[in-house]
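Novice: As input, take start07.cif (mmCIF, C-alpha atoms):
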```
data_final
#
loop_
_atom_site.label_atom_id
_atom_site.label_comp_id
_atom_site.auth_asym_id
_atom_site.auth_seq_id
_atom_site.Cartn_x
_atom_site.Cartn_y
_atom_site.Cartn_z
CA MET A 44 -15.74 -1.26 4.63
CA SER A 45 -16.47 -0.43 1.01
CA GLN A 46 -13.81 0.20 -1.59
CA ARG A 47 -14.75 3.87 -1.56
CA SER A 48 -14.29 4.29 2.19
CA GLY A 49 -11.10 2.23 2.07
CA GLU A 50 -9.65 4.41 -0.61
CA SER A 51 -10.40 7.54 1.42
CA ARG A 52 -8.11 6.48 4.30
CA LYS A 53 -4.54 7.63 3.74
CA PHE A 54 -1.30 6.37 5.26
CA LEU A 55 2.32 7.40 5.65
CA THR A 56 4.92 4.72 6.38
CA ASP A 57 8.42 4.97 7.77
CA ARG A 58 11.46 3.49 6.00
CA MET A 59 11.17 0.19 7.89
CA LEU A 60 7.77 -0.66 6.36
CA GLY A 61 8.49 -0.96 2.63
CA THR A 62 6.65 -4.25 2.18
CA LEU A 63 3.63 -3.04 4.16
CA THR A 64 3.61 0.08 1.95
CA ARG A 65 3.32 -2.07 -1.19
CA TYR A 66 0.63 -4.29 0.36
CA LEU A 67 -1.45 -1.25 1.36
CA ARG A 68 -1.17 0.09 -2.18
CA PHE A 69 -2.27 -3.28 -3.61
CA MET A 70 -5.27 -2.99 -1.30
CA GLY A 71 -6.08 0.43 -2.79
CA TYR A 72 -4.89 2.65 0.05
CA ASP A 73 -3.15 5.95 -0.70
CA THR A 74 0.16 5.28 1.04
CA LYS A 75 3.12 7.64 0.99
CA SER A 76 6.47 6.31 2.10
CA ALA A 77 9.36 7.96 3.92
CA ASN A 78 11.50 6.36 1.20
CA SER A 79 10.33 9.17 -1.09
CA LEU A 80 12.12 11.69 1.16
CA ALA A 81 15.81 12.51 0.80
CA PRO A 82 17.75 10.12 3.06
CA GLY A 83 19.92 11.26 5.95
CA SER A 84 17.83 14.14 7.27
CA THR A 85 18.14 14.53 11.03
CA ARG A 86 14.64 16.06 10.96
CA GLU A 87 12.98 13.11 9.21
CA ASP A 88 10.84 12.06 12.18
CA THR A 89 9.57 15.62 12.64
CA LEU A 90 8.95 15.90 8.91
CA LEU A 91 6.95 12.65 8.91
CA LEU A 92 4.79 13.94 11.75
CA GLU A 93 4.21 17.22 9.88
CA ILE A 94 3.25 15.38 6.66
CA ALA A 95 0.85 13.12 8.58
CA VAL A 96 -0.95 16.14 10.06
CA GLN A 97 -0.92 18.27 6.88
CA ASP A 98 -2.12 15.46 4.59
CA ASP A 99 -4.44 13.88 7.19
CA ARG A 100 -2.51 10.59 7.00
CA ILE A 101 -2.10 7.89 9.61
CA LEU A 102 1.60 7.39 10.29
CA LEU A 103 2.57 3.72 10.53
CA THR A 104 5.97 3.19 12.11
CA ARG A 105 8.24 0.59 13.67
CA ASP A 106 9.74 3.36 15.85
CA ARG A 107 8.08 3.42 19.30
CA GLU A 108 9.24 6.94 20.11
CA LEU A 109 7.97 8.30 16.78
CA ALA A 110 4.58 6.61 17.35
CA ARG A 111 4.44 8.11 20.85
CA ARG A 112 5.22 11.59 19.48
CA GLY A 113 2.54 11.15 16.81
CA GLY A 114 -0.19 10.40 19.35
CA ALA A 115 -3.55 9.59 17.75
CA GLN A 116 -2.10 10.33 14.29
CA ALA A 117 0.42 7.44 14.55
CA VAL A 118 0.42 3.66 15.03
CA TYR A 119 3.35 1.62 16.27
CA ILE A 120 3.66 -1.54 14.16
CA ALA A 121 4.82 -4.23 16.57
CA SER A 122 5.91 -7.06 14.27
CA GLU A 123 8.54 -7.42 11.57
CA ALA A 124 6.42 -10.09 9.81
CA ILE A 125 4.33 -8.65 6.97
CA MET A 126 1.16 -10.64 7.57
CA ASP A 127 1.25 -9.75 11.27
CA GLN A 128 1.60 -6.09 10.25
CA VAL A 129 -1.41 -6.31 7.92
CA ARG A 130 -3.40 -8.13 10.61
CA GLN A 131 -2.55 -5.44 13.19
CA VAL A 132 -3.70 -2.60 10.92
CA ALA A 133 -6.84 -4.57 10.00
CA ASP A 134 -7.58 -5.41 13.65
CA LEU A 135 -7.46 -1.68 14.42
CA GLY A 136 -10.23 -1.22 11.85
CA LEU A 137 -8.02 0.93 9.60
CA ILE A 138 -8.12 -1.32 6.53
CA GLU A 139 -10.17 -4.01 4.88
CA PRO A 140 -7.58 -6.57 3.71
CA GLU A 141 -8.57 -7.25 0.11
CA ILE A 142 -6.82 -6.67 -3.21
CA ARG A 143 -8.21 -3.75 -5.18
CA MET A 144 -5.37 -3.13 -7.64
CA SER A 145 -6.18 0.58 -7.95
CA ARG A 146 -2.76 2.05 -7.01
CA CYS A 147 0.76 1.54 -8.28
CA SER A 148 2.72 -0.52 -5.78
CA LEU A 149 5.88 1.42 -6.66
CA CYS A 150 4.86 5.08 -6.78
CA ASN A 151 1.30 5.19 -5.31
CA ALA A 152 -0.25 6.78 -8.44
CA ARG A 153 -3.81 5.81 -9.34
CA LEU A 154 -3.94 3.07 -11.95
CA ARG A 155 -6.12 3.31 -15.04
CA PRO A 156 -7.25 0.66 -17.52
CA ALA A 157 -4.39 -0.27 -19.86
CA THR A 158 -4.70 0.22 -23.59
CA ALA A 159 -4.16 -2.66 -26.03
CA ARG A 160 -0.92 -0.99 -27.13
CA GLU A 161 0.41 -0.73 -23.55
CA ILE A 162 -0.34 -4.41 -22.98
CA ARG A 163 1.23 -5.43 -26.28
CA GLU A 164 4.39 -3.36 -25.70
CA ALA A 165 5.00 -4.56 -22.13
CA ARG A 166 7.62 -7.29 -22.58
CA TYR A 167 6.68 -8.85 -19.25
CA ALA A 168 2.94 -9.14 -20.02
CA PRO A 169 1.53 -12.68 -20.04
CA GLN A 170 1.40 -14.44 -23.41
CA SER A 171 -2.35 -14.88 -23.17
CA ALA A 172 -4.38 -11.85 -22.18
CA ARG A 173 -7.62 -13.81 -22.39
CA GLY A 174 -9.83 -13.22 -19.35
CA LYS A 175 -7.40 -10.80 -17.71
CA GLU A 176 -7.98 -7.17 -16.83
CA PHE A 177 -4.94 -4.94 -17.14
CA SER A 178 -4.17 -1.67 -15.38
CA TRP A 179 -1.51 0.89 -16.20
CA CYS A 180 0.47 3.31 -14.05
CA PRO A 181 0.76 6.55 -16.01
CA ALA A 182 3.64 7.71 -13.79
CA CYS A 183 5.85 4.56 -13.74
CA ARG A 184 4.57 3.19 -17.03
CA LYS A 185 4.10 -0.21 -15.38
CA LEU A 186 1.49 -2.79 -16.37
CA TYR A 187 -0.53 -4.62 -13.70
CA TRP A 188 -2.87 -7.61 -13.87
CA MET A 189 -4.25 -10.21 -11.52
CA GLY A 190 -1.78 -13.03 -12.01
CA SER A 191 -0.17 -15.68 -9.83
CA HIS A 192 1.54 -13.12 -7.55
CA SER A 193 -1.71 -11.27 -6.80
CA ASP A 194 -3.56 -14.59 -6.48
CA ARG A 195 -1.06 -15.71 -3.79
CA LEU A 196 -1.41 -12.37 -2.00
CA LYS A 197 -5.20 -12.58 -2.18
CA LYS A 198 -5.05 -16.09 -0.68
CA ARG A 199 -2.73 -14.95 2.15
CA LEU A 200 -5.07 -12.06 2.99
CA HIS A 201 -8.10 -14.37 2.93
CA GLU A 202 -6.37 -16.91 5.21
CA MET A 203 -5.68 -14.29 7.87
CA ARG A 204 -9.38 -13.40 8.21
CA PRO A 205 -11.22 -15.00 11.09
CA ALA A 206 -13.49 -17.90 10.11
CA SER A 207 -17.16 -16.90 9.95
#
```
Spit out the file's structure as structure tokens when you get a sec.

Specialist:
Amino acid sequence: MSQRSGESRKFLTDRMLGTLTRYLRFMGYDTKSANSLAPGSTREDTLLLEIAVQDDRILLTRDRELARRGGAQAVYIASEAIMDQVRQVADLGLIEPEIRMSRCSLCNARLRPATAREIREARYAPQSARGKEFSWCPACRKLYWMGSHSDRLKKRLHEMRPAS
């Protein structure tokens, strides 16, 4: 699956899949989360199903009944373990598990190349920017780069692929 086709697939996750939401965003997938909805609504499941249909999103959920109600628009995520969740979605052919760093892991906005000023003013940026590409979230004002965290995630995703 190319980056372009991967980025065209859209997801919606329930509140129990926060880590999977962030992983999907790191992989470049447009992923809305139920955590962006006001908590405590008795209609949340119905609202999630409506959003999935209206926005043409695949609903990923740990709730069997919600997945059943969603039919072909929903997928029940069987495991609580993040790498098993990623593997399940990949095995269904819904994602290509590779880091693309094109979406904010916090808010889902598209990232853009960071300016020198944004890099310089980010207190958490690495001391040496040599050889690193930086991205910026215009909504969260967060700086991203491929560092040790993304390297570990990339390695974990690579290890879960079947040997060729």

Novice: Starting from the PyMOL selection byres ((chain A and resi 75-90) around 9), expand the selection into actual residues of this file and give them as a PyMOL selection string.

Specialist: chain A and resi 53-61+64+73-74+91-95+100+109+150-151

Novice: May I ask which of the residues A:Arg105, A:Arg130, A:Arg111, A:Lys185 is the closest one to Glu164 (chain A), counting only C-alpha atoms?

Specialist: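 Result for the nearest residue to Glu164 (chain A): A:Lys185.
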
Novice: Go through A:Ile142, A:Arg107, A:Arg65, A:Val132 one by one, measure the shortest atom-to-atom distance of each to Leu196 (chain A) using all atoms listed in the file, and give the residue with the smallest value.

Specialist: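 Among the listed residues, A:Ile142 lies closest to Leu196 (chain A).
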
Novice: List the neighbours of region 200-203 of chain A out to 9 Å using only C-alpha atoms; skip same-chain residues closer than 2 positions along the sequence, and give me the result as a ChimeraX atom specification.

Specialist: /A:126-127,129-130,140-142,195-198,205-206

Novice: Residues picked by the PyMOL selection byres ((chain A and resi 68) around 9) here, as number ranges by chain?

Specialist: A: 63-67, 69-74, 142-149, 151

Novice: Measure the distance from CA of Cys180 (chain A) to CA of Leu154 (chain A) in Å and round it to one decimal.

Specialist: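 Straight-line distance from CA of Cys180 (chain A) to CA of Leu154 (chain A) works out to 4.9 Å.
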
Novice: CA of Ser191 (chain A) and CA of Gln128 (chain A), how far apart in Å?

Specialist: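 Between these atoms lies a distance of 22.3 Å.
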
Novice: Would you work out the distance separating CA of Asp106 (chain A) from CA of Val118 (chain A), expressed in Å to one decimal?

Specialist: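 Distance reported for this atom pair: 9.4 Å.
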
Novice: For the point (-1.1, -7.0, -10.8) in the file's frame, write as a list in words all residues with an atom no more than 9 Å away, counting only C-alpha atoms.

Specialist: Phe69, Met144, Phe177, Ser178, Leu186, Tyr187, Trp188, Met189, Gly190, Ser191, His192 and Ser193 of chain A

Novice: Just need the box for region 117-135 of chain A, edges along x, y and z, holding every atom the file lists for it with 6 Å tacked onto each side, so centre and edge lengths in Å to one decimal, as AutoDock Vina command-line options.

Specialist:
```
--center_x 0.5 --center_y -1.6 --center_z 11.8 --size_x 28.1 --size_y 30.1 --size_z 21.6
```

Novice: Restore N, CA and C atoms in region 160-185 of chain A and list the result as an mmCIF file, in the frame of the given file.

Specialist:
```cif
data_model
loop_
_atom_site.group_PDB
_atom_site.id
_atom_site.type_symbol
_atom_site.label_atom_id
_atom_site.label_comp_id
_atom_site.auth_asym_id
_atom_site.auth_seq_id
_atom_site.Cartn_x
_atom_site.Cartn_y
_atom_site.Cartn_z
ATOM 1 N N ARG A 160 -2.316 -1.272 -26.761
ATOM 2 C CA ARG A 160 -0.920 -0.990 -27.130
ATOM 3 C C ARG A 160 -0.005 -1.145 -25.911
ATOM 4 N N GLU A 161 -0.411 -0.620 -24.760
ATOM 5 C CA GLU A 161 0.410 -0.730 -23.550
ATOM 6 C C GLU A 161 0.606 -2.197 -23.168
ATOM 7 N N ILE A 162 -0.440 -2.978 -23.291
ATOM 8 C CA ILE A 162 -0.340 -4.410 -22.980
ATOM 9 C C ILE A 162 0.603 -5.088 -23.960
ATOM 10 N N ARG A 163 0.427 -4.814 -25.230
ATOM 11 C CA ARG A 163 1.230 -5.430 -26.280
ATOM 12 C C ARG A 163 2.717 -5.068 -26.142
ATOM 13 N N GLU A 164 3.007 -3.827 -25.761
ATOM 14 C CA GLU A 164 4.390 -3.360 -25.700
ATOM 15 C C GLU A 164 5.111 -3.698 -24.392
ATOM 16 N N ALA A 165 4.367 -4.166 -23.399
ATOM 17 C CA ALA A 165 5.000 -4.560 -22.130
ATOM 18 C C ALA A 165 5.608 -5.945 -22.317
ATOM 19 N N ARG A 166 6.926 -6.022 -22.324
ATOM 20 C CA ARG A 166 7.620 -7.290 -22.580
ATOM 21 C C ARG A 166 7.310 -8.360 -21.530
ATOM 22 N N TYR A 167 6.927 -7.920 -20.346
ATOM 23 C CA TYR A 167 6.680 -8.850 -19.250
ATOM 24 C C TYR A 167 5.207 -9.267 -19.151
ATOM 25 N N ALA A 168 4.364 -8.784 -20.044
ATOM 26 C CA ALA A 168 2.940 -9.140 -20.020
ATOM 27 C C ALA A 168 2.781 -10.631 -20.318
ATOM 28 N N PRO A 169 1.750 -11.253 -19.771
ATOM 29 C CA PRO A 169 1.530 -12.680 -20.040
ATOM 30 C C PRO A 169 1.237 -12.921 -21.516
ATOM 31 N N GLN A 170 1.611 -14.093 -22.004
ATOM 32 C CA GLN A 170 1.400 -14.440 -23.410
ATOM 33 C C GLN A 170 -0.076 -14.383 -23.788
ATOM 34 N N SER A 171 -0.919 -14.897 -22.903
ATOM 35 C CA SER A 171 -2.350 -14.880 -23.170
ATOM 36 C C SER A 171 -3.010 -13.835 -22.288
ATOM 37 N N ALA A 172 -3.674 -12.888 -22.925
ATOM 38 C CA ALA A 172 -4.380 -11.850 -22.180
ATOM 39 C C ALA A 172 -5.839 -12.212 -21.968
ATOM 40 N N ARG A 173 -6.232 -13.375 -22.457
ATOM 41 C CA ARG A 173 -7.620 -13.810 -22.390
ATOM 42 C C ARG A 173 -8.109 -13.872 -20.937
ATOM 43 N N GLY A 174 -9.218 -13.187 -20.662
ATOM 44 C CA GLY A 174 -9.830 -13.220 -19.350
ATOM 45 C C GLY A 174 -9.136 -12.375 -18.294
ATOM 46 N N LYS A 175 -8.130 -11.608 -18.675
ATOM 47 C CA LYS A 175 -7.400 -10.800 -17.710
ATOM 48 C C LYS A 175 -7.745 -9.321 -17.897
ATOM 49 N N GLU A 176 -7.819 -8.612 -16.796
ATOM 50 C CA GLU A 176 -7.980 -7.170 -16.830
ATOM 51 C C GLU A 176 -6.628 -6.551 -16.520
ATOM 52 N N PHE A 177 -6.241 -5.575 -17.312
ATOM 53 C CA PHE A 177 -4.940 -4.940 -17.140
ATOM 54 C C PHE A 177 -5.107 -3.492 -16.705
ATOM 55 N N SER A 178 -4.204 -3.058 -15.831
ATOM 56 C CA SER A 178 -4.170 -1.670 -15.380
ATOM 57 C C SER A 178 -2.793 -1.113 -15.688
ATOM 58 N N TRP A 179 -2.734 0.216 -15.793
ATOM 59 C CA TRP A 179 -1.510 0.890 -16.200
ATOM 60 C C TRP A 179 -1.212 2.036 -15.240
ATOM 61 N N CYS A 180 0.049 2.165 -14.851
ATOM 62 C CA CYS A 180 0.470 3.310 -14.050
ATOM 63 C C CYS A 180 0.989 4.373 -15.003
ATOM 64 N N PRO A 181 0.307 5.496 -15.096
ATOM 65 C CA PRO A 181 0.760 6.550 -16.010
ATOM 66 C C PRO A 181 2.063 7.207 -15.561
ATOM 67 N N ALA A 182 2.399 7.113 -14.289
ATOM 68 C CA ALA A 182 3.640 7.710 -13.790
ATOM 69 C C ALA A 182 4.846 6.790 -14.022
ATOM 70 N N CYS A 183 4.744 5.535 -13.607
ATOM 71 C CA CYS A 183 5.850 4.560 -13.740
ATOM 72 C C CYS A 183 5.871 3.859 -15.091
ATOM 73 N N ARG A 184 4.726 3.899 -15.773
ATOM 74 C CA ARG A 184 4.570 3.190 -17.030
ATOM 75 C C ARG A 184 4.719 1.677 -16.812
ATOM 76 N N LYS A 185 4.069 1.208 -15.751
ATOM 77 C CA LYS A 185 4.100 -0.210 -15.380
ATOM 78 C C LYS A 185 2.729 -0.818 -15.589
#
```
